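Trainee: Next comes the structure file my_file-v3.cif, holding mmCIF, C-alpha atoms.
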data_query
#
loop_
_atom_site.label_atom_id
_atom_site.label_comp_id
_atom_site.auth_asym_id
_atom_site.auth_seq_id
_atom_site.Cartn_x
_atom_site.Cartn_y
_atom_site.Cartn_z
CA MET A 27 116.18 197.46 56.37
CA VAL A 28 116.95 195.29 53.35
CA LYS A 29 120.47 194.62 54.67
CA LEU A 30 119.08 193.71 58.11
CA LYS A 31 116.62 191.26 56.56
CA LYS A 32 119.42 189.75 54.47
CA ASN A 33 121.55 189.29 57.60
CA ILE A 34 118.63 187.64 59.40
CA GLN A 35 118.14 185.31 56.44
CA GLY A 36 121.86 184.54 56.50
CA ALA A 37 121.71 183.75 60.22
CA LEU A 38 118.75 181.42 59.62
CA ASN A 39 120.70 179.61 56.91
CA ALA A 40 123.71 179.36 59.21
CA TRP A 41 121.45 178.00 61.97
CA GLU A 42 120.25 175.21 59.70
CA MET A 43 123.84 174.30 58.88
CA LEU A 44 124.99 174.32 62.51
CA ILE A 45 122.02 173.42 64.71
CA ASP A 46 119.65 170.48 64.47
CA PHE A 47 116.99 172.09 66.68
CA PRO A 48 114.24 173.46 64.39
CA LEU A 49 113.29 177.12 64.65
CA PRO A 50 109.66 178.17 65.16
CA GLU A 51 107.76 178.02 61.90
CA ALA A 52 106.61 181.63 62.33
CA VAL A 53 110.23 182.80 62.26
CA THR A 54 111.28 180.71 59.28
CA HIS A 55 108.13 181.61 57.34
CA LYS A 56 108.66 185.33 57.84
CA PHE A 57 112.38 185.51 57.10
CA LYS A 58 113.22 182.33 55.23
CA ALA A 59 114.59 183.05 51.78
CA LYS A 60 117.60 182.21 49.70
CA SER A 61 120.49 184.23 51.12
CA ASP A 62 123.82 185.06 49.54
CA THR A 63 126.88 183.22 50.80
CA ILE A 64 128.40 186.31 52.42
CA SER A 65 125.34 186.84 54.64
CA THR A 66 125.26 183.14 55.50
CA LEU A 67 128.95 183.20 56.42
CA ILE A 68 128.43 186.23 58.65
CA GLY A 69 125.53 184.34 60.22
CA PHE A 70 127.90 181.74 61.75
CA PRO A 71 129.29 184.01 64.54
CA LEU A 72 125.89 185.69 64.89
CA VAL A 73 124.29 182.33 65.70
CA GLY A 74 127.08 181.77 68.22
CA LEU A 75 126.35 185.17 69.78
CA ILE A 76 122.62 184.49 70.08
CA LEU A 77 123.06 181.05 71.60
CA GLY A 78 125.86 182.28 73.85
CA ILE A 79 123.67 185.05 75.24
CA LEU A 80 120.85 182.57 75.90
CA LEU A 81 123.18 180.15 77.70
CA ALA A 82 124.76 182.98 79.69
CA PHE A 83 121.28 184.12 80.74
CA ALA A 84 120.53 180.53 81.78
CA ALA A 85 123.70 180.54 83.90
CA PHE A 86 122.70 183.78 85.65
CA PHE A 87 119.17 182.49 86.15
CA CYS A 88 120.32 179.21 87.67
CA THR A 89 122.74 180.86 90.09
CA VAL A 90 120.13 183.42 91.20
CA VAL A 91 117.25 180.98 91.67
CA PHE A 92 119.46 178.36 93.34
CA LYS A 93 122.55 178.77 95.47
CA PRO A 94 125.69 179.58 93.43
CA VAL A 95 127.19 176.10 93.65
CA ALA A 96 123.94 174.25 92.95
CA GLY A 97 123.02 176.69 90.18
CA SER A 98 126.42 176.30 88.56
CA VAL A 99 126.08 172.51 88.61
CA ILE A 100 122.63 172.71 87.01
CA PHE A 101 123.84 175.15 84.38
CA ALA A 102 126.92 173.06 83.56
CA ILE A 103 124.85 169.92 83.02
CA LEU A 104 122.28 171.74 80.88
CA ALA A 105 124.99 173.49 78.85
CA VAL A 106 126.84 170.24 78.15
CA ALA A 107 123.58 168.61 77.07
CA PHE A 108 122.91 171.49 74.69
CA LEU A 109 126.44 171.51 73.26
CA ASP A 110 126.19 167.78 72.57
CA LEU A 111 122.65 167.75 71.21
CA LYS A 112 122.91 170.84 69.01
CA ASP A 113 124.35 168.61 66.28
CA SER A 114 122.59 165.42 67.46
CA GLY A 115 125.79 164.16 69.08
CA ARG A 116 127.80 164.03 65.84
CA GLY A 117 130.62 166.17 67.22
CA LEU A 118 130.96 164.00 70.31
CA GLY A 119 130.76 160.85 68.19
CA LEU A 120 133.50 162.07 65.86
CA LEU A 121 135.76 162.88 68.81
CA CYS A 122 135.06 159.48 70.34
CA SER A 123 135.79 157.61 67.11
CA GLY A 124 138.96 159.65 66.70
CA PHE A 125 140.08 158.68 70.19
CA LEU A 126 139.46 155.00 69.45
CA LEU A 127 141.35 155.17 66.16
CA ARG A 128 144.30 156.85 67.81
CA LEU A 129 144.36 154.07 70.39
CA ARG A 130 145.07 151.77 67.47
CA ARG A 131 148.10 154.00 66.75
CA LEU A 132 146.76 155.09 63.40
CA PRO A 133 148.42 158.27 62.10
CA LEU A 134 146.16 161.32 62.16
CA ALA A 135 146.07 161.54 58.37
CA GLU A 136 144.77 157.95 58.21
CA ALA A 137 142.37 158.30 61.13
CA LEU A 138 140.55 161.46 60.02
CA PRO A 139 138.82 159.99 56.93
CA MET A 140 137.66 157.06 59.07
CA LEU A 141 135.90 159.22 61.67
CA THR A 142 132.21 158.61 62.17
CA GLY A 143 129.54 160.49 64.05
CA ASP A 144 127.13 157.56 63.81
CA TRP A 145 126.86 156.08 67.30
CA ASN A 146 125.54 152.80 65.86
CA LYS A 147 128.98 152.24 64.34
CA ILE A 148 130.90 152.99 67.56
CA THR A 149 130.85 149.66 69.36
CA ASN A 150 134.16 149.60 71.23
CA PRO A 151 133.49 149.38 75.02
CA LEU A 152 136.18 152.00 75.58
CA SER A 153 133.87 154.55 73.95
CA ALA A 154 131.83 154.63 77.18
CA VAL A 155 134.98 155.44 79.14
CA PHE A 156 135.94 158.25 76.76
CA VAL A 157 132.47 159.77 76.70
CA SER A 158 132.12 159.61 80.49
CA LEU A 159 135.47 161.25 81.18
CA PHE A 160 135.03 163.84 78.43
CA GLU A 161 131.55 164.83 79.60
CA ILE A 162 132.69 165.04 83.22
CA ALA A 163 135.56 167.28 82.12
CA LYS A 164 133.18 169.60 80.24
CA VAL A 165 130.76 169.77 83.16
CA ALA A 166 133.66 170.59 85.52
CA LEU A 167 134.98 173.32 83.21
CA LEU A 168 131.56 174.93 82.69
CA PHE A 169 130.87 174.69 86.43
CA THR A 170 134.11 176.55 87.11
CA LEU A 171 133.28 179.26 84.57
CA SER A 172 129.83 179.78 86.08
CA LEU A 173 130.91 179.74 89.72
CA TYR A 174 133.90 182.03 89.33
CA GLY A 175 132.44 184.94 87.42
CA ALA A 176 132.97 183.93 83.79
CA LYS A 177 129.43 183.07 82.72
CA LEU A 178 129.70 185.25 79.62
CA TRP A 179 132.66 183.23 78.40
CA ILE A 180 130.19 180.80 76.82
CA ILE A 181 129.69 183.51 74.17
CA ALA A 182 133.40 183.44 73.31
CA ILE A 183 133.24 179.65 73.05
CA LEU A 184 130.31 179.46 70.64
CA VAL A 185 131.31 182.46 68.53
CA GLY A 186 134.82 181.08 68.19
CA ALA A 187 133.77 177.51 67.37
CA PHE A 188 131.17 178.62 64.82
CA THR A 189 133.64 181.04 63.23
CA VAL A 190 136.09 178.20 62.67
CA GLN A 191 133.33 176.09 61.13
CA GLY A 192 132.28 179.00 58.93
CA VAL A 193 135.81 179.49 57.63
CA LEU A 194 136.17 175.78 56.90
CA ALA A 195 132.84 175.81 55.04
CA THR A 196 134.46 178.11 52.46
CA VAL A 197 137.21 175.57 51.73
CA GLN A 198 136.76 173.31 48.71
CA GLU A 199 135.01 170.08 49.60
CA ARG A 200 136.97 166.87 49.22
CA ASN A 201 136.49 165.20 45.83
CA THR A 202 134.45 168.14 44.48
CA ASP A 203 135.15 171.39 42.67
CA SER A 204 133.29 173.69 45.05
CA ALA A 205 132.85 174.57 48.71
CA ILE A 206 129.79 174.31 50.93
CA LEU A 207 129.88 178.12 50.98
CA PRO A 208 131.66 179.10 47.75
CA ILE A 209 133.25 182.48 48.38
CA SER A 210 136.59 183.99 47.44
CA ARG A 211 139.13 184.46 50.21
CA ASP A 212 139.18 188.24 49.72
CA LYS A 213 135.44 188.44 50.53
CA MET A 214 135.72 186.69 53.87
CA GLN A 215 136.43 189.81 55.90
CA GLY A 216 132.80 189.90 57.05
CA ILE A 217 133.05 186.88 59.32
CA TRP A 218 136.23 188.23 60.89
CA TRP A 219 134.70 191.68 61.39
CA VAL A 220 131.62 190.26 63.13
CA SER A 221 133.67 187.90 65.30
CA GLY A 222 136.15 190.69 66.00
CA VAL A 223 133.45 193.10 67.18
CA ILE A 224 131.96 190.47 69.50
CA TYR A 225 135.37 189.60 70.90
CA ALA A 226 136.20 193.32 71.27
CA VAL A 227 133.17 193.71 73.56
CA LEU A 228 134.19 190.64 75.55
CA LEU A 229 137.73 192.05 75.73
CA MET A 230 136.48 194.60 78.24
CA ILE A 231 135.41 191.75 80.55
CA PHE A 232 138.10 189.15 79.91
CA PRO A 233 141.13 191.07 78.61
CA PHE A 234 143.83 188.43 78.43
CA GLY A 235 141.48 185.50 77.87
CA VAL A 236 139.91 187.06 74.78
CA ILE A 237 143.33 187.80 73.26
CA VAL A 238 144.33 184.16 73.69
CA ALA A 239 140.96 182.94 72.38
CA ALA A 240 141.02 185.23 69.33
CA ALA A 241 144.54 184.12 68.42
CA THR A 242 143.50 180.48 68.85
CA VAL A 243 140.43 180.86 66.63
CA TYR A 244 142.37 182.65 63.88
CA LEU A 245 145.35 180.31 63.88
CA CYS A 246 143.26 177.13 64.13
CA SER A 247 140.81 178.12 61.41
CA ASN A 248 143.61 178.83 58.96
CA GLY A 249 145.73 175.94 60.20
CA PHE A 250 142.90 173.43 59.88
CA ALA A 251 142.02 174.74 56.42
CA GLU A 252 145.59 174.38 55.16
CA TYR A 253 145.98 170.94 56.73
CA PHE A 254 142.78 169.60 55.15
CA LYS A 255 143.67 171.06 51.75
CA ARG A 256 147.22 169.72 51.86
CA ASN A 257 146.40 166.21 53.08
CA PHE A 258 142.89 165.56 51.75
CA ASN A 259 142.41 168.08 48.92
CA GLY A 260 139.60 169.71 50.86
CA VAL A 261 137.18 169.33 53.74
CA THR A 262 134.19 167.15 54.50
CA PRO A 263 131.19 167.95 56.72
CA ASP A 264 132.69 165.62 59.34
CA PHE A 265 136.01 167.48 59.25
CA ILE A 266 134.16 170.76 59.84
CA THR A 267 132.07 169.33 62.68
CA VAL A 268 134.97 167.72 64.52
CA SER A 269 137.02 170.90 64.15
CA GLY A 270 134.22 172.86 65.83
CA ALA A 271 134.06 170.31 68.66
CA VAL A 272 137.83 170.52 69.20
CA ILE A 273 137.75 174.33 69.28
CA GLU A 274 134.86 174.31 71.75
CA PHE A 275 136.89 172.26 74.19
CA ILE A 276 140.06 174.31 73.69
CA LEU A 277 138.14 177.52 74.33
CA LEU A 278 136.61 175.97 77.44
CA LEU A 279 140.12 175.30 78.74
CA ILE A 280 141.25 178.82 77.83
CA GLY A 281 138.29 180.25 79.72
CA VAL A 282 139.14 178.36 82.91
CA LEU A 283 142.82 179.28 82.60
CA PHE A 284 142.47 182.96 81.71
CA ALA A 285 138.87 184.19 82.21
CA VAL A 286 137.82 183.10 85.70
CA GLN A 287 138.17 185.64 88.48
#
Reformat the file's structure so that it appears as structure tokens.
Mentor:
Amino acid sequence: MVKLKKNIQGALNAWEMLIDFPLPEAVTHKFKAKSDTISTLIGFPLVGLILGILLAFAAFFCTVVFKPVAGSVIFAILAVAFLDLKDSGRGLGLLCSGFLLRLRRLPLAEALPMLTGDWNKITNPLSAVFVSLFEIAKVALLFTLSLYGAKLWIIAILVGAFTVQGVLATVQERNTDSAILPISRDKMQGIWWVSGVIYAVLLMIFPFGVIVAAATVYLCSNGFAEYFKRNFNGVTPDFITVSGAVIEFILLLIGVLFAVQ
């Protein structure tokens, strides 16, 4: 019982780090407490699981209440809105500013520290073009997943993206001596066990897709961590957020390529 409460507290802490939507006060009042870093780290994929289940339920609901095509369109639009608003648009803003910086032919190592998620600072007219095309692409991908029998793939997307962000949160912050979640590398098995169990269940539904997704999450989380340490001596909150946004889109593509029926 104590361990369960600690895991719930860790998930609540992870929620506050990942999601800008406030939880009901009754929930936070009952379970809110200072949690250890291991429980908080494990909470990252658990939050992805919870939100993924809710979005998958919304997809099933929409396609049952409405016709499959109409329901899939409604779900895709609602899901894209949620994915963008869960961090108040910072992930989308960081991707947009990165696109604009790359248009100026800035090397990636120079562009990354200049990224901004503040939409008031993104004034280039081309930002509207990027956002429009990117949002249309996400709606189309989510529509395809919903219409062609891969509604549960949204769980793989959120669990994978939040796992990557959790791993990066354990990397030393740039220009500091500690991490957002200070924890030794040998004590990080928990996040991989939780993510692995969730992906193992999904493996029975999407065999090849989950293998590709799991490999992508593992390689990208470690690859991003090493890249940020080597080039910037650590991570920043913006680096973590934009990494999660990139993984979300990659996993969306993987789902359409390997999970649809």
Trainee: Need the shell around Arg256 in chain A: protein/DNA/RNA residues with any atom at most 12 Å away, counting all atoms listed in the file. Skip same-chain ones fewer than 6 positions apart. Format as number ranges by chain?
Mentor: A: 135, 197-198, 200, 249-250
Trainee: Exactly which residues make up the result of the PyMOL selection byres ((chain A and resi 275) around 10) on this file, given as a PyMOL selection string?
Mentor: chain A and resi 160+163-164+167+183+187+270-274+276-281
Trainee: Restricting the output to C-alpha atoms, write the selected residues as a CSV table (one decimal), keeping the file's coordinate frame.
Mentor:
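File written: selection-v4.csv
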chain,number,residue,atom,x,y,z
A,160,PHE,CA,135.0,163.8,78.4
A,163,ALA,CA,135.6,167.3,82.1
A,164,LYS,CA,133.2,169.6,80.2
A,167,LEU,CA,135.0,173.3,83.2
A,183,ILE,CA,133.2,179.6,73.0
A,187,ALA,CA,133.8,177.5,67.4
A,270,GLY,CA,134.2,172.9,65.8
A,271,ALA,CA,134.1,170.3,68.7
A,272,VAL,CA,137.8,170.5,69.2
A,273,ILE,CA,137.8,174.3,69.3
A,274,GLU,CA,134.9,174.3,71.8
A,276,ILE,CA,140.1,174.3,73.7
A,277,LEU,CA,138.1,177.5,74.3
A,278,LEU,CA,136.6,176.0,77.4
A,279,LEU,CA,140.1,175.3,78.7
A,280,ILE,CA,141.2,178.8,77.8
A,281,GLY,CA,138.3,180.2,79.7
Trainee: For CA of Ser247 in chain A and CA of Val261 in chain A, determine how far apart the two atoms are, in Å to one decimal place.
Mentor: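 Going from CA of Ser247 in chain A over to CA of Val261 in chain A, I get 12.2 Å.
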Trainee: I need the residue nearest Gly115 in chain A from this list: A:Ser204, A:Asp46, A:Gly186, A:Leu283. Use all atoms listed in the file for the distance.
Mentor: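 Once distances to Gly115 in chain A are computed over all atoms listed in the file, the minimum belongs to A:Asp46.
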Trainee: To verify the selection step, state as a list in words which residues the PyMOL selection byres ((chain A and resi 239) around 8) yields on this input.
Mentor: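 Selected by the PyMOL selection byres ((chain A and resi 239) around 8) here: Ala182, Gly186, Gly235, Val236, Ile237, Val238, Ala240, Ala241, Thr242, Val243, Leu277 and Ile280 of chain A.
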Trainee: Sorted by chain and rising residue number, list the residues of range 156-250 of chain A at most 12 Å from range 140-152 of chain A (counting only C-alpha atoms), each with its closest atom pair and distance in Å to one decimal, as JSON lines.
Mentor:
{"residue": "A:Phe156", "atom": "CA", "partner": "A:Leu152", "partner_atom": "CA", "distance": 6.4}
{"residue": "A:Val157", "atom": "CA", "partner": "A:Leu152", "partner_atom": "CA", "distance": 8.7}
{"residue": "A:Ser158", "atom": "CA", "partner": "A:Leu152", "partner_atom": "CA", "distance": 9.9}
{"residue": "A:Leu159", "atom": "CA", "partner": "A:Leu152", "partner_atom": "CA", "distance": 10.8}
Trainee: Can you list, as an MDAnalysis selection string, every protein, DNA or RNA residue that comes within 12 Å of Arg128 in chain A when you count all atoms listed in the file, leaving out same-chain residues fewer than 5 positions away?
Mentor: chainID A and resid 121:123 133:138 140:141
